[in-house]
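Chemist: Sharing a structure here in structure tokens format.
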Amino acid sequence: MSVAAEAWVDDPFAEAVRTGRGPLWLRREDGRRIPLDVERWCAPAAGADHGLLLRCTRLTAPVVDLGCGPGRLVAALLGLGVPTLGVDVTGAAVARTRSLGGPALRRSVFERLPAEGRWGGALLADGNLGIGGDPGLLLGRGAELLAPGGVLLVEVEQQDIDERITVRVEGPDGRCGPPFAWARCGVTATVRRAGRAGLVETERWSSHGRRFLSFRRTGRPR
């Protein structure tokens with residue numbers, strides 16, 4: 001019995017995480033490519049990452065990194081004394097996070113996770129707002145994981161866009177993995193969807209060519 005290939009697992013992403021090298025892209029159905037900064041993800045936290053780290057140190061409860069990838073943010077937060085858990089579907093990413101000393105689960109963010117409703121903070125960095133191709137559903141999931149008053153830190157697109165697309169991960173040799181749904185959202189679309197999820201915007205900032213929003217859970221998702 002054959003098993004269907006899984007995005008981020010049976011594609012060039014897993015190999016890139018193991019080697020720490022790109023280039024890597026998301027190839028759209030129309031042939032255009034979105035670059036993935038895998039070498040930055042595999043390097044120590046730097047640049048705009050420090051703004052995320054600083055905000056996490058102000059929280060009073062643990063942080064969960066949704067789609068933690070190779071684990072640079074998990075490792076950096078632990079180094080700052082912030083209890084943190086990484087979650088990712090890719091075994092190579094989870095293994096690399098653990099090799100840095102960080103706890104990590106190989107699991108979808110939409111599956112049952114530890115301490116649901118009790119996390120002080122959650123991260124959706126490095127384009128991870130696209131996970132599942134439905135940002136509204138993902139933001140609602142983030143709200144479910146947070147304790148009342150918890151904070152969700154989200155990296156958004158620089159452009160004010162709102163699109164759902166089908167993509168494949170493409171490696172340097174042109175090999176592509178299986179197709180999957182993805183999304184890209186700027187500030188306006190993200191804030192609108194977050195409000196429906198019971199999240200209130202508390203801050204927005206830009207750093208080193210990246211753009212971020214902070215939301216606080218104040219009630220139940222609608």
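Chain labels A, B, ... are given in the sequence in which chains occur in the structure tokens; within each chain residues are numbered consecutively from 1, and ligands are likewise numbered from 1 in the order shown.
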For the structure I just gave you, how does DSSP split segment 54-137 of chain A - specifically, which residues are strand (DSSP E or B)? Reply as a count of residues only.

Modeler: 18

Chemist: Please compute the atom CA of Cys56 of chain A-atom CA of Pro148 of chain A distance, one decimal, in Å.

Modeler: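 Atom-to-atom, atom CA of Cys56 of chain A to atom CA of Pro148 of chain A, that is 15.9 Å.
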
Chemist: If you measure from atom CA of Arg210 of chain A to atom CA of Arg40 of chain A, what distance in Å do you get, rounded to one decimal?

Modeler: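 Calculated distance between atom CA of Arg210 of chain A and atom CA of Arg40 of chain A is 12.9 Å.
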
Chemist: Using only C-alpha atoms, which residue out of A:Ala183, A:Val151, A:Leu137, A:Cys176 lies closest to Ala5 of chain A?

Modeler: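 Closest residue, counting only C-alpha atoms: A:Cys176.
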
Chemist: Distance atom CA of Glu201 of chain A-atom CA of Ala143 of chain A, one decimal place?

Modeler: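 Pair atom CA of Glu201 of chain A / atom CA of Ala143 of chain A returns 12.5 Å.
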
Chemist: For each of A:Gly150, A:Gly101, A:Gly133, A:Gly91, take the minimum atom-to-atom distance to Arg118 of chain A, counting only C-alpha atoms, then give the residue where this is smallest.

Modeler: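 So, comparing all the options, the nearest one is A:Gly150.
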
Chemist: Which residue gives the smallest distance to Arg58 of chain A among A:Gly121, A:Gly102, A:Gly22, A:Gly79, with only C-alpha atoms counted?

Modeler: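 Nearest candidate to Arg58 of chain A out of A:Gly121, A:Gly102, A:Gly22, A:Gly79: A:Gly121.
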
Chemist: Within 8 Å of segment 26-31 of chain A, which residues of segment 139-203 of chain A come that close, and what is the closest atom pair and distance in Å for each? Count only C-alpha atoms and give it as JSON lines.

Modeler:
{"residue": "A:Ile165", "atom": "CA", "partner": "A:Arg28", "partner_atom": "CA", "distance": 7.1}
{"residue": "A:Thr166", "atom": "CA", "partner": "A:Arg28", "partner_atom": "CA", "distance": 6.1}
{"residue": "A:Val167", "atom": "CA", "partner": "A:Arg28", "partner_atom": "CA", "distance": 4.5}
{"residue": "A:Arg168", "atom": "CA", "partner": "A:Arg27", "partner_atom": "CA", "distance": 5.2}
{"residue": "A:Val169", "atom": "CA", "partner": "A:Leu26", "partner_atom": "CA", "distance": 4.7}
{"residue": "A:Glu170", "atom": "CA", "partner": "A:Leu26", "partner_atom": "CA", "distance": 6.0}

Chemist: Tell me which protein, DNA and RNA residues are within 10 Å of Glu116 of chain A, counting only C-alpha atoms, leaving out same-chain ones fewer than 5 positions away, and put them as an MDAnalysis selection string.

Modeler: chainID A and resid 141:147

Chemist: Restricting the calculation to only C-alpha atoms, which member of A:Ala61, A:Ser207, A:Ala194, A:Leu105 is positioned closest to Ala46 of chain A?

Modeler: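 The closest residue to Ala46 of chain A is A:Ser207.
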
Chemist: Excluding same-chain residues fewer than 2 positions from Ile161 of chain A, what lies within 10 Å of it counting only C-alpha atoms, as a list in words?

Modeler: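 Once the adjacent positions are removed, what remains is Val156, Glu157, Gln158, Gln159, Glu163, Ala183, Arg184, Cys185, Gly186, Val187, Thr188, Ala189 and Thr190 of chain A.
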
Chemist: Write out as a list in words the residues lying within 10 Å of Ala7 of chain A, counting only C-alpha atoms and excluding same-chain residues fewer than 5 positions away.

Modeler: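 So the residues in contact are Pro12, Phe13, Ala14, Val89, Thr90, Val167, Arg168, Val169, Cys176, Gly177, Pro178, Pro179, Phe180 and Ala181 of chain A.
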
Chemist: Residues near Arg21 of chain A, anyone? I mean within 7 Å using only C-alpha atoms, not counting same-chain ones fewer than 3 positions away, as a short mmCIF file (atom, residue, chain, number, x, y, z; two decimals) with C-alpha atoms, in the first residue's frame.

Modeler:
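Output below, filename around13.cif:
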data_model
loop_
_atom_site.label_atom_id
_atom_site.label_comp_id
_atom_site.auth_asym_id
_atom_site.auth_seq_id
_atom_site.Cartn_x
_atom_site.Cartn_y
_atom_site.Cartn_z
CA ALA A 16 17.81 21.60 3.36
CA VAL A 38 16.39 28.33 4.88
CA GLU A 39 19.99 29.36 5.60
#
